Every structure is written in structure tokens, then in C-alpha cells.
Amino acid sequence: MIDIPALFEHVPIPSYVFRMVGDEFLLVGANARARARNPMLVSLVGRPMAQLYHDLPTALEAARSCMADGAPVVREIRLRTLDRLEANELVRLVFTRVATDLLLLHLESLAAPSLTEAALRESEERYRGLVASLPDAVTLRGLDGRILASNDAAAAMCGRKDVADMLGRIDVFAEGISLSTASGTPVGSEDWPGRRVLLTGEPEPSATYILTRPDGTQRWYRVAAQPVRSSDGHVAGSVTTYAEDTERFLAERAVSDTASRLSMALDAARMGTWEWEPGSDRGHWSAGMNEYFKLPSMESGIQAFMSRVHPDDRGHFSALAEQVLGGAGEETFEHEWRVVGDDGVTRWARTRGRLQRREGGVRLSGTILDITERRALEEELTRAHRLESIGRLAGGLAHDFNNLLAAMLGSLELLEDVVPSHGKEDLETVRHGAQRARELTAQLLAFARKQPIALAVFDLSALVKNLEHLLCRLVGPRIDLTIEAAPGAWVHADAAQLEQVLVNLVANARDAMPAGGPLTVKVFSSTEGAATRSLPQVELFVEDRGSGMDEHTRAHAFDPFFTTKTAGTGLGLASSYGIVQQHGGDIEIESREPRGTRFRVRLPRSSAPTPQTQSVRPPASPSAGTILVVDDEPIVRKTAVRLLARLGYETLVAADGDEALAIVSAHAGRIDAVLCDLAMPTRSGHEVVADLRRIRPDLRVLFVSGYSDTELQRTPGTDFLPKPHTRAELGARLRALIDG
């Protein structure tokens, strides 16, 4: 078989061999002269003639006519090669059928190349070399939109294996690659910038596009397109550049994301940034600070800003600024201060900053944090710790005082039987003083939350209604008392202690209105806070229109012995606070001078009680027995022994647990009960009783204490009696305990 392409390899004119396949003519080969004319022919082998001469339909017609008739066909045409925009070379094409499916094409130039055309070709070669060397992707399209030239960067971007694979295509992107705008809108092939330029004739300005590959990875490109015009000024093609912008875009997005996260974090922390240049007296802070502190911009200058600083903090603030500005190096500082906003509210701010020295001046910059809520919590915590410490002290004092009162009141009862008639009045005076002291210690124990309580379920509204007559007498005729008590406000509490709280609050409101005025008491059930509490609440309001309280008075209103009155103990609100806390509730003050005060008491709401019938058993008749008395206070032991003797009991006496243990071990007779103090120096009453019950497990115990029964560990065969107590109370409690 004759190798046709090889046969014409050295023919002095460009020769091309095509094979007819169906209706197409595929390039089989080209001789040396043709390859010299167009070096890209090697990569175009196998391509159809329609791609080589896509704008010359007469060439395809001549080829088909030659193959059909078998006779040579000659055409003279102006030819535009693959990498040229204009058809400006006059050539003669000779089509010859050399086999049933092979076509030979000779190309003969009809004009010798001039120096100008040679220079043009040289320029075009330089242009192609320049395009190939560009780092950005470049494509050149003809008027029909097909790619006439490109570089390796463009082929790689479009997913093509080489530049030859790009030539002659309209759709340059490989399958699976898509283009979209920066906002994510897909871009069809007809809307690509290089093709829009062919239609409009206007340049496409640089814009960002996203190229998405089949694996989902994305790259960002800045794309611009320009029209290419022929010698007569008409659009003959377009050139498009693709500058990859992925790294810059991702960096900017990372910066934007970081700034967004920082802004969210600053907003969540109620923090902002600020800076100030002393030389120009100009500054600014982040927009959130205007919202947090209700202040205008810092651009108005330092003096306008300083006018908003709390008067008590301005001196220290100015001194700190002078100290920092007068430093030699880059000074850092931190300061907490108060600022008064446009709404008149005082807020706390914490500033951290640095002085930076630069050529031509200095600049202060840093962060500012709204710590108003934190300061309020710290003050509340400090107040709670202070009240707790005072409560412990008050409770300890009340406990010791109750021990003394127990001995005093017991001795007074013993004296009643022996004092002559002319001494009865003096005895009653002493008893009255002791009872007053007992009430005072009860108030101290209420504040310390160690007062004995007798819990029961009752309707607080009914209790308040029952006290209406008493409260009216308490406030007097100048006070217009209004009581609003909705029924069904059930609480599990000590009624007597809540009466004390109500009386204290009403008396406090009365004293705040010496000239009279309205006083409102409200009781109602509330579901506020029910989602975060185990039970809904019952609320008690006591509201007056008196003089109100300043900030200092509000902060210390519940402190024991604190009072603004000329008379009084200063324990009314303190004991009320302790009672409410002991019942698992809370009490708040809302007050501002001179608008009056509202006390708001919240208590856990209880369910209504179920009616029950109780059998009443007559008390057992007293009978003698043996009681072991254990108390570390000598006068209390002595008084207890004498009271028990009057009640008909024999006594064994111990000053501490070791002595009690020795007595029980040595005593062979019966011990009916132990009268034991809860709080003793070496061992508590619980520990003493535990040791005694190892010897006598069935031992019955009546605990006594100046504290409440909250310290009592309830076990069978035990009971509690607070100090001080009467002889009758002691006898009844012992009798009930012994009788079971």
C-alpha cells in the first residue's frame, strides 16, 4: 500500500491529505512545507476540515465535488488560517482524489509575501509567544465564538489536556466544570464575557467569577474581556483574560469571618474597642458602646467624654491619663470607672489600653467592657456574705443569750412559789424584762435563720385579711390602707413568723409617711419564674408613697441594727429578711427618692391542704421518772434540775458527753429520758446521744438549744424544745416523749 502522505512529504508547496469518513474530511497528514506554514498541524491530525476552514464553506463544497466527480477542482480564495482574525492571503486550492476515500489538497500562494506581511507574521509569532508565556489564562475567539488561540494556563483552567484541545471550540470548559458569578448565580456558555463582547462590541470590565470543578473544589478568577477589531473597525473577535484570585479572596473571606466572629464575641461580652489621639483630640469607639453606655461618639473630644464620667471618678481618671501620657515607653493600663449615660443611668466600665508612640505623635487604644451587671452581682454577693457573717454572729449571740434567759426564766418560775406577796410586783418586772429579752433574741434568730418554726399549710390571703383590723390600728387614721388579697395563696410556712414580717413591713411603710398617704398590701399567686422553680410563687407586696430610700439606705436596709429612725432596734427588716430566707423565699426592695418604696416578698406556693379528722387524746397524768441532764452551762444545768424536781422527776447530771457516758454505764436503774443540749464545745448533742444509745438503744431524748430545730437530726424517740422555755412547756414535752 502506498503511503500517500509520505509521497508528498517533500513537495515544494503545502500539501494536505484528508480521509473522507461519512460526510466529514479528517486530516490524515501534511507535508513539511505545510507544517512549516503552520506548526500546529501536527496536533490537528484527526480533526475535520470544518474546524480548519470553518469560515470557508466553499472549500468543503469543492472537496465534496472532487470526491463525487473524481475530477480535480481548483478554487482561488482569500484564506484565514486558524490563528488569524482576517482573511488576507490570496491562495489557489487544488483538490485531487487520489483514492476512493482519500483527498489531496495542494495550496499555492498567488502573491509573494511582502516585507510588510513578513513583519506581520513575525509580530504574530511574538504575540503567540507572549500569550503562551503569560501566567494568567488568555483565550482569543473569532467572530463565530470559536477559540483561535490560547495558552497553557487557559487549557489547564478549562480542564483540557493541551492548547490544541482548545482550538476551534466554543464550549471551552471540560465536562463537569461550571462557572458562576461571585454571588453563586450559574453562568451559561452564551453569557461568558468573551462571547458577550462579540455581541455588544463593548469591553467587559473585570469581575469575579467562581469556577467549580467536578470534585466540588472552587477557584476564584477575575475575568475581563476586550473586543478585537478588524482594519475596517468592525468586531472580528475577542480576547479574554482570567486572573486567578483564589488566595486573595480566601484571605479576605477569612479576615471577614474573623472580624464577624470577633464582633459577635465582643457583642456577647458587651465589649468594644476604642482609640484616641491626644494631639488632635480625636477618637472613636465601636458602635456597640453607644448602645451599652448610651453615650455619643468620642469624636467630640476628650472634654465632652470626661463630662460623662461619674464625678467621683474623674480625678482618678485624669490622673491615670496624665501618668500614661507622661511615661517614657509604651505604657499599658487598666482601670474601672463609672459613666453616666444619656438616660441618666450610671454604669460601670472596665478599660484596658496601651499607649503607642509613633512619628509625629502618640495614640491610645484598647478595649472597654460593660461590667455593670458584674459589679451589681459582686455587690450583692458582698452584701450576702456580710449578712451571712452578721447572721452567724447574731445567731451565736442569741444562742448564748438564750442559755442565760433559760436560767433566768426558770429561776423566776421557781421564785414564784416562795417569794412573799410584797415582792410579786418586782418579780413581775423582772419577768417582763426577761420576756422582752426573749423577743429580742427571737428577732436575732429570725435574721440568722435559726429561729424555731412551726410549719403548716394555710392561705396567706386569709391571714392578711384577718390582720386587717390590727394593721389599721397600727398605721393610724392618716394612712389610707388598701388590702387586695386574692384567695387561694396557699403557703407552707409559720403563720406567726409571716405575721411578724407583714407587721414589720407595714410599720416601716407607716414611718416613711409621717404626713399620711396611701399604703397598699397585695397578696396573689404568680407563675413568674415557675419554669425555673419547683413550684409557682405566692407574692406579697407592701407599697407606700413615702419618702423612698437612697442607694445607701437600700444597700443596708436588711442589715441588723441599721436604722434611719430616731427610735427602734434596727432589727425589723433584718428579722423579716431572715424569716423569708428561712422559708425558702426572697425579699426585694424597689425604691427611689421621693417616689416611695415597694417591698416584694416571694414564697413557694403550696397545694391546698386535704381536710383530715384528728382524734384528740387526753394528756397522760404526770408520773415520776429519772431524767439525765446533759448541758455544758452550769447555771442552765442547775436551773433544769430544780425545774425537773418541781415536776416530780429525779435527775442525773452531766457537764459533757464523757461524763454522761460514764453515768449511763454505771447507772443500773431506769433512765426515762435524756435532756441534752445540742450545741456543746467538745462534742455535739447528736454525737453524745449516739454514744449513749450504743449502751441503751431505746433511750428517749429531748434536745434543747438556743438555736432552732433545723440542726436536729430527726430519729425515733427524739424531740426538740427551744431555749428559753417555761416549766409547763418542759413538763408537757417530756411527758409526751416518755409516753411515746
# chains A, B, ... in the order shown; residues from 1 in each chain; ligands from 1
>>> residues_around(residues="segment 474-487 of chain A", least_positions_apart="3", cutoff="7 Å", atoms="only C-alpha atoms", output="JSON, numbers by chain")
{"A": [461, 462, 470, 471, 507, 510, 516, 517, 518, 519, 520, 521, 522, 523, 524]}
>>> write_last_selection(atoms="C-alpha atoms", output="short mmCIF file (atom, residue, chain, number, x, y, z; two decimals), in the first residue's frame")
data_model
loop_
_atom_site.label_atom_id
_atom_site.label_comp_id
_atom_site.auth_asym_id
_atom_site.auth_seq_id
_atom_site.Cartn_x
_atom_site.Cartn_y
_atom_site.Cartn_z
CA SER A 461 -54.58 35.90 101.79
CA ALA A 462 -56.84 34.78 104.65
CA LEU A 470 -54.78 45.10 113.56
CA LEU A 471 -52.97 46.76 110.66
CA ALA A 507 -44.78 49.61 110.26
CA ARG A 510 -46.09 53.91 108.06
CA GLY A 516 -50.03 60.14 105.79
CA GLY A 517 -50.73 58.76 102.36
CA PRO A 518 -51.79 55.60 100.51
CA LEU A 519 -50.47 52.20 101.64
CA THR A 520 -51.27 49.10 99.61
CA VAL A 521 -50.90 45.47 100.66
CA LYS A 522 -51.38 42.86 97.91
CA VAL A 523 -51.31 39.07 98.01
CA PHE A 524 -51.63 36.97 94.86
#
>>> residues_around(residues="segment 12-16 of chain A", least_positions_apart="3", cutoff="10 Å", atoms="only C-alpha atoms", output="PyMOL selection string")
chain A and resi 4-5+8-9+27-38+41+93-95+103-109
>>> write_last_selection(atoms="N, CA and C atoms", output="PDB file, in the first residue's frame")
ATOM      1  N   ILE A   4       0.511   7.680   1.047  1.00  0.00           N
ATOM      2  CA  ILE A   4       0.228   8.919   0.325  1.00  0.00           C
ATOM      3  C   ILE A   4       0.887  10.122   0.997  1.00  0.00           C
ATOM      4  N   PRO A   5       0.721  10.302   2.341  1.00  0.00           N
ATOM      5  CA  PRO A   5       1.372  11.472   2.962  1.00  0.00           C
ATOM      6  C   PRO A   5       2.874  11.480   2.751  1.00  0.00           C
ATOM      7  N   PHE A   8       4.082  12.808  -0.683  1.00  0.00           N
ATOM      8  CA  PHE A   8       4.088  14.255  -0.925  1.00  0.00           C
ATOM      9  C   PHE A   8       4.873  15.019   0.144  1.00  0.00           C
ATOM     10  N   GLU A   9       5.693  14.293   0.917  1.00  0.00           N
ATOM     11  CA  GLU A   9       6.391  14.911   2.043  1.00  0.00           C
ATOM     12  C   GLU A   9       7.289  16.050   1.577  1.00  0.00           C
ATOM     13  N   LEU A  27      -8.244  15.203   8.702  1.00  0.00           N
ATOM     14  CA  LEU A  27      -6.858  15.427   8.319  1.00  0.00           C
ATOM     15  C   LEU A  27      -6.039  14.182   8.655  1.00  0.00           C
ATOM     16  N   VAL A  28      -5.356  13.626   7.623  1.00  0.00           N
ATOM     17  CA  VAL A  28      -4.507  12.443   7.814  1.00  0.00           C
ATOM     18  C   VAL A  28      -3.059  12.858   8.005  1.00  0.00           C
ATOM     19  N   GLY A  29      -2.630  13.875   7.271  1.00  0.00           N
ATOM     20  CA  GLY A  29      -1.255  14.316   7.401  1.00  0.00           C
ATOM     21  C   GLY A  29      -0.992  15.541   6.547  1.00  0.00           C
ATOM     22  N   ALA A  30       0.169  16.146   6.749  1.00  0.00           N
ATOM     23  CA  ALA A  30       0.579  17.324   5.986  1.00  0.00           C
ATOM     24  C   ALA A  30       2.076  17.226   5.752  1.00  0.00           C
ATOM     25  N   ASN A  31       2.529  17.759   4.612  1.00  0.00           N
ATOM     26  CA  ASN A  31       3.948  17.627   4.294  1.00  0.00           C
ATOM     27  C   ASN A  31       4.764  18.684   5.025  1.00  0.00           C
ATOM     28  N   ALA A  32       6.064  18.650   4.803  1.00  0.00           N
ATOM     29  CA  ALA A  32       6.981  19.519   5.528  1.00  0.00           C
ATOM     30  C   ALA A  32       6.681  20.983   5.259  1.00  0.00           C
ATOM     31  N   ARG A  33       6.350  21.327   3.983  1.00  0.00           N
ATOM     32  CA  ARG A  33       6.090  22.738   3.659  1.00  0.00           C
ATOM     33  C   ARG A  33       4.833  23.241   4.384  1.00  0.00           C
ATOM     34  N   ALA A  34       3.818  22.359   4.503  1.00  0.00           N
ATOM     35  CA  ALA A  34       2.583  22.746   5.202  1.00  0.00           C
ATOM     36  C   ALA A  34       2.835  22.921   6.702  1.00  0.00           C
ATOM     37  N   ARG A  35       3.678  22.008   7.253  1.00  0.00           N
ATOM     38  CA  ARG A  35       3.960  22.116   8.700  1.00  0.00           C
ATOM     39  C   ARG A  35       4.780  23.367   9.001  1.00  0.00           C
ATOM     40  N   ALA A  36       5.619  23.761   8.047  1.00  0.00           N
ATOM     41  CA  ALA A  36       6.382  24.986   8.256  1.00  0.00           C
ATOM     42  C   ALA A  36       5.468  26.203   8.224  1.00  0.00           C
ATOM     43  N   ARG A  37       4.455  26.105   7.398  1.00  0.00           N
ATOM     44  CA  ARG A  37       3.492  27.209   7.314  1.00  0.00           C
ATOM     45  C   ARG A  37       2.686  27.336   8.615  1.00  0.00           C
ATOM     46  N   ASN A  38       2.344  26.172   9.188  1.00  0.00           N
ATOM     47  CA  ASN A  38       1.540  26.177  10.439  1.00  0.00           C
ATOM     48  C   ASN A  38       2.059  25.058  11.350  1.00  0.00           C
ATOM     49  N   LEU A  41      -0.111  22.026  12.967  1.00  0.00           N
ATOM     50  CA  LEU A  41      -0.799  20.995  12.191  1.00  0.00           C
ATOM     51  C   LEU A  41      -0.610  19.604  12.781  1.00  0.00           C
ATOM     52  N   LEU A  93      -6.383  26.713  -4.249  1.00  0.00           N
ATOM     53  CA  LEU A  93      -6.555  25.387  -3.663  1.00  0.00           C
ATOM     54  C   LEU A  93      -6.856  24.410  -4.783  1.00  0.00           C
ATOM     55  N   VAL A  94      -6.089  23.303  -4.818  1.00  0.00           N
ATOM     56  CA  VAL A  94      -6.294  22.274  -5.836  1.00  0.00           C
ATOM     57  C   VAL A  94      -6.682  20.991  -5.110  1.00  0.00           C
ATOM     58  N   PHE A  95      -7.933  20.496  -5.364  1.00  0.00           N
ATOM     59  CA  PHE A  95      -8.458  19.290  -4.720  1.00  0.00           C
ATOM     60  C   PHE A  95      -8.338  18.134  -5.717  1.00  0.00           C
ATOM     61  N   LEU A 103      -8.338  12.345  -0.198  1.00  0.00           N
ATOM     62  CA  LEU A 103      -8.356  13.602  -0.930  1.00  0.00           C
ATOM     63  C   LEU A 103      -7.036  14.305  -0.685  1.00  0.00           C
ATOM     64  N   LEU A 104      -6.402  14.774  -1.803  1.00  0.00           N
ATOM     65  CA  LEU A 104      -5.152  15.515  -1.707  1.00  0.00           C
ATOM     66  C   LEU A 104      -5.457  16.985  -1.982  1.00  0.00           C
ATOM     67  N   LEU A 105      -4.944  17.854  -1.087  1.00  0.00           N
ATOM     68  CA  LEU A 105      -5.156  19.285  -1.230  1.00  0.00           C
ATOM     69  C   LEU A 105      -3.803  19.962  -1.317  1.00  0.00           C
ATOM     70  N   HIS A 106      -3.583  20.676  -2.491  1.00  0.00           N
ATOM     71  CA  HIS A 106      -2.394  21.497  -2.657  1.00  0.00           C
ATOM     72  C   HIS A 106      -2.782  22.958  -2.447  1.00  0.00           C
ATOM     73  N   LEU A 107      -1.882  23.703  -1.796  1.00  0.00           N
ATOM     74  CA  LEU A 107      -2.138  25.133  -1.532  1.00  0.00           C
ATOM     75  C   LEU A 107      -0.995  25.921  -2.147  1.00  0.00           C
ATOM     76  N   GLU A 108      -1.395  26.839  -3.033  1.00  0.00           N
ATOM     77  CA  GLU A 108      -0.380  27.650  -3.709  1.00  0.00           C
ATOM     78  C   GLU A 108      -0.702  29.125  -3.492  1.00  0.00           C
ATOM     79  N   SER A 109       0.280  29.847  -2.927  1.00  0.00           N
ATOM     80  CA  SER A 109       0.092  31.269  -2.706  1.00  0.00           C
ATOM     81  C   SER A 109       0.228  31.999  -4.025  1.00  0.00           C
TER      82      SER A 109
END
>>> residues_around(residues="segment 169-180 of chain A", least_positions_apart="6", cutoff="12 Å", atoms="only C-alpha atoms", output="JSON, numbers by chain")
{"A": [47, 50, 51, 52, 54, 82, 138, 139, 140, 141, 142, 143, 144, 145, 146, 147, 148, 149, 150, 154, 155, 156, 157, 158, 159, 160, 161, 162, 163, 186, 187, 188, 189, 190, 191, 192, 193, 194, 195, 207, 208, 209, 210, 211, 212, 213, 214, 215, 216, 217, 218, 219, 220, 221, 223]}
>>> write_last_selection(atoms="C-alpha atoms", output="PDB file, in the first residue's frame")
ATOM      1  CA  ARG A  47      -9.532  16.950  13.087  1.00  0.00           C
ATOM      2  CA  ALA A  50     -14.654  22.026   9.029  1.00  0.00           C
ATOM      3  CA  GLN A  51     -12.516  23.036  12.006  1.00  0.00           C
ATOM      4  CA  LEU A  52      -9.543  24.018   9.886  1.00  0.00           C
ATOM      5  CA  HIS A  54     -14.757  26.682   9.438  1.00  0.00           C
ATOM      6  CA  LEU A  82      -6.523  29.140  12.335  1.00  0.00           C
ATOM      7  CA  VAL A 138      -5.835  34.007  27.885  1.00  0.00           C
ATOM      8  CA  THR A 139      -8.197  32.986  25.081  1.00  0.00           C
ATOM      9  CA  LEU A 140      -8.725  34.545  21.639  1.00  0.00           C
ATOM     10  CA  ARG A 141     -12.109  33.984  19.962  1.00  0.00           C
ATOM     11  CA  GLY A 142     -13.129  34.558  16.363  1.00  0.00           C
ATOM     12  CA  LEU A 143     -16.321  36.287  15.279  1.00  0.00           C
ATOM     13  CA  ASP A 144     -18.232  32.990  15.434  1.00  0.00           C
ATOM     14  CA  GLY A 145     -17.125  32.443  19.013  1.00  0.00           C
ATOM     15  CA  ARG A 146     -14.634  29.648  18.346  1.00  0.00           C
ATOM     16  CA  ILE A 147     -11.246  29.628  20.071  1.00  0.00           C
ATOM     17  CA  LEU A 148      -8.493  30.739  17.716  1.00  0.00           C
ATOM     18  CA  ALA A 149      -5.641  30.853  20.221  1.00  0.00           C
ATOM     19  CA  SER A 150      -4.975  30.297  23.928  1.00  0.00           C
ATOM     20  CA  ALA A 154      -6.163  28.575  29.837  1.00  0.00           C
ATOM     21  CA  ALA A 155      -6.099  24.895  28.859  1.00  0.00           C
ATOM     22  CA  ALA A 156      -5.377  23.858  32.459  1.00  0.00           C
ATOM     23  CA  MET A 157      -8.101  26.149  33.815  1.00  0.00           C
ATOM     24  CA  CYS A 158     -10.678  24.738  31.396  1.00  0.00           C
ATOM     25  CA  GLY A 159      -9.726  21.125  32.109  1.00  0.00           C
ATOM     26  CA  ARG A 160      -8.266  20.475  28.618  1.00  0.00           C
ATOM     27  CA  LYS A 161      -5.159  18.386  28.067  1.00  0.00           C
ATOM     28  CA  ASP A 162      -3.366  20.983  25.894  1.00  0.00           C
ATOM     29  CA  VAL A 163      -3.802  24.130  23.817  1.00  0.00           C
ATOM     30  CA  PRO A 186     -24.728  29.976  37.286  1.00  0.00           C
ATOM     31  CA  VAL A 187     -23.328  31.433  34.035  1.00  0.00           C
ATOM     32  CA  GLY A 188     -24.253  29.726  30.754  1.00  0.00           C
ATOM     33  CA  SER A 189     -21.788  29.499  27.855  1.00  0.00           C
ATOM     34  CA  GLU A 190     -23.662  32.198  25.922  1.00  0.00           C
ATOM     35  CA  ASP A 191     -23.157  34.616  28.845  1.00  0.00           C
ATOM     36  CA  TRP A 192     -19.399  34.228  29.134  1.00  0.00           C
ATOM     37  CA  PRO A 193     -17.693  37.629  28.930  1.00  0.00           C
ATOM     38  CA  GLY A 194     -15.711  36.702  25.805  1.00  0.00           C
ATOM     39  CA  ARG A 195     -18.922  35.857  23.931  1.00  0.00           C
ATOM     40  CA  ALA A 207     -15.463  40.902  37.599  1.00  0.00           C
ATOM     41  CA  THR A 208     -15.126  37.944  39.944  1.00  0.00           C
ATOM     42  CA  TYR A 209     -16.340  34.515  38.844  1.00  0.00           C
ATOM     43  CA  ILE A 210     -16.271  31.164  40.605  1.00  0.00           C
ATOM     44  CA  LEU A 211     -15.064  28.117  38.729  1.00  0.00           C
ATOM     45  CA  THR A 212     -16.297  24.830  40.224  1.00  0.00           C
ATOM     46  CA  ARG A 213     -14.569  21.583  39.319  1.00  0.00           C
ATOM     47  CA  PRO A 214     -16.218  18.123  39.200  1.00  0.00           C
ATOM     48  CA  ASP A 215     -14.819  17.229  42.646  1.00  0.00           C
ATOM     49  CA  GLY A 216     -16.502  20.279  44.160  1.00  0.00           C
ATOM     50  CA  THR A 217     -13.374  22.374  44.652  1.00  0.00           C
ATOM     51  CA  GLN A 218     -13.745  26.036  43.764  1.00  0.00           C
ATOM     52  CA  ARG A 219     -11.373  28.647  42.412  1.00  0.00           C
ATOM     53  CA  TRP A 220     -11.976  32.373  42.085  1.00  0.00           C
ATOM     54  CA  TYR A 221     -10.968  34.348  38.920  1.00  0.00           C
ATOM     55  CA  VAL A 223     -12.300  37.871  34.316  1.00  0.00           C
TER      56      VAL A 223
END
>>> residues_around(residues="Gly366 of chain A", least_positions_apart="3", cutoff="6 Å", atoms="only C-alpha atoms", output="VMD selection string")
chain A and resid 273 to 274 352 to 353
>>> write_last_selection(atoms="N, CA and C atoms", output="PDB file, in the first residue's frame")
ATOM      1  N   THR A 273     -14.078  48.280  71.249  1.00  0.00           N
ATOM      2  CA  THR A 273     -12.722  48.803  71.088  1.00  0.00           C
ATOM      3  C   THR A 273     -12.776  50.322  70.986  1.00  0.00           C
ATOM      4  N   TRP A 274     -11.678  50.975  71.295  1.00  0.00           N
ATOM      5  CA  TRP A 274     -11.619  52.426  71.253  1.00  0.00           C
ATOM      6  C   TRP A 274     -10.201  52.879  70.935  1.00  0.00           C
ATOM      7  N   ARG A 352      -9.059  48.603  79.266  1.00  0.00           N
ATOM      8  CA  ARG A 352      -7.671  48.148  79.126  1.00  0.00           C
ATOM      9  C   ARG A 352      -7.103  48.819  77.888  1.00  0.00           C
ATOM     10  N   GLY A 353      -5.911  49.353  78.006  1.00  0.00           N
ATOM     11  CA  GLY A 353      -5.363  50.069  76.863  1.00  0.00           C
ATOM     12  C   GLY A 353      -3.849  50.113  76.855  1.00  0.00           C
TER      13      GLY A 353
END
>>> residues_around(residues="Glu275 of chain A", least_positions_apart="2", cutoff="9 Å", atoms="only C-alpha atoms", output="JSON, numbers by chain")
{"A": [273, 277, 282, 283, 284, 285, 298, 353, 363, 364, 365, 366, 367]}
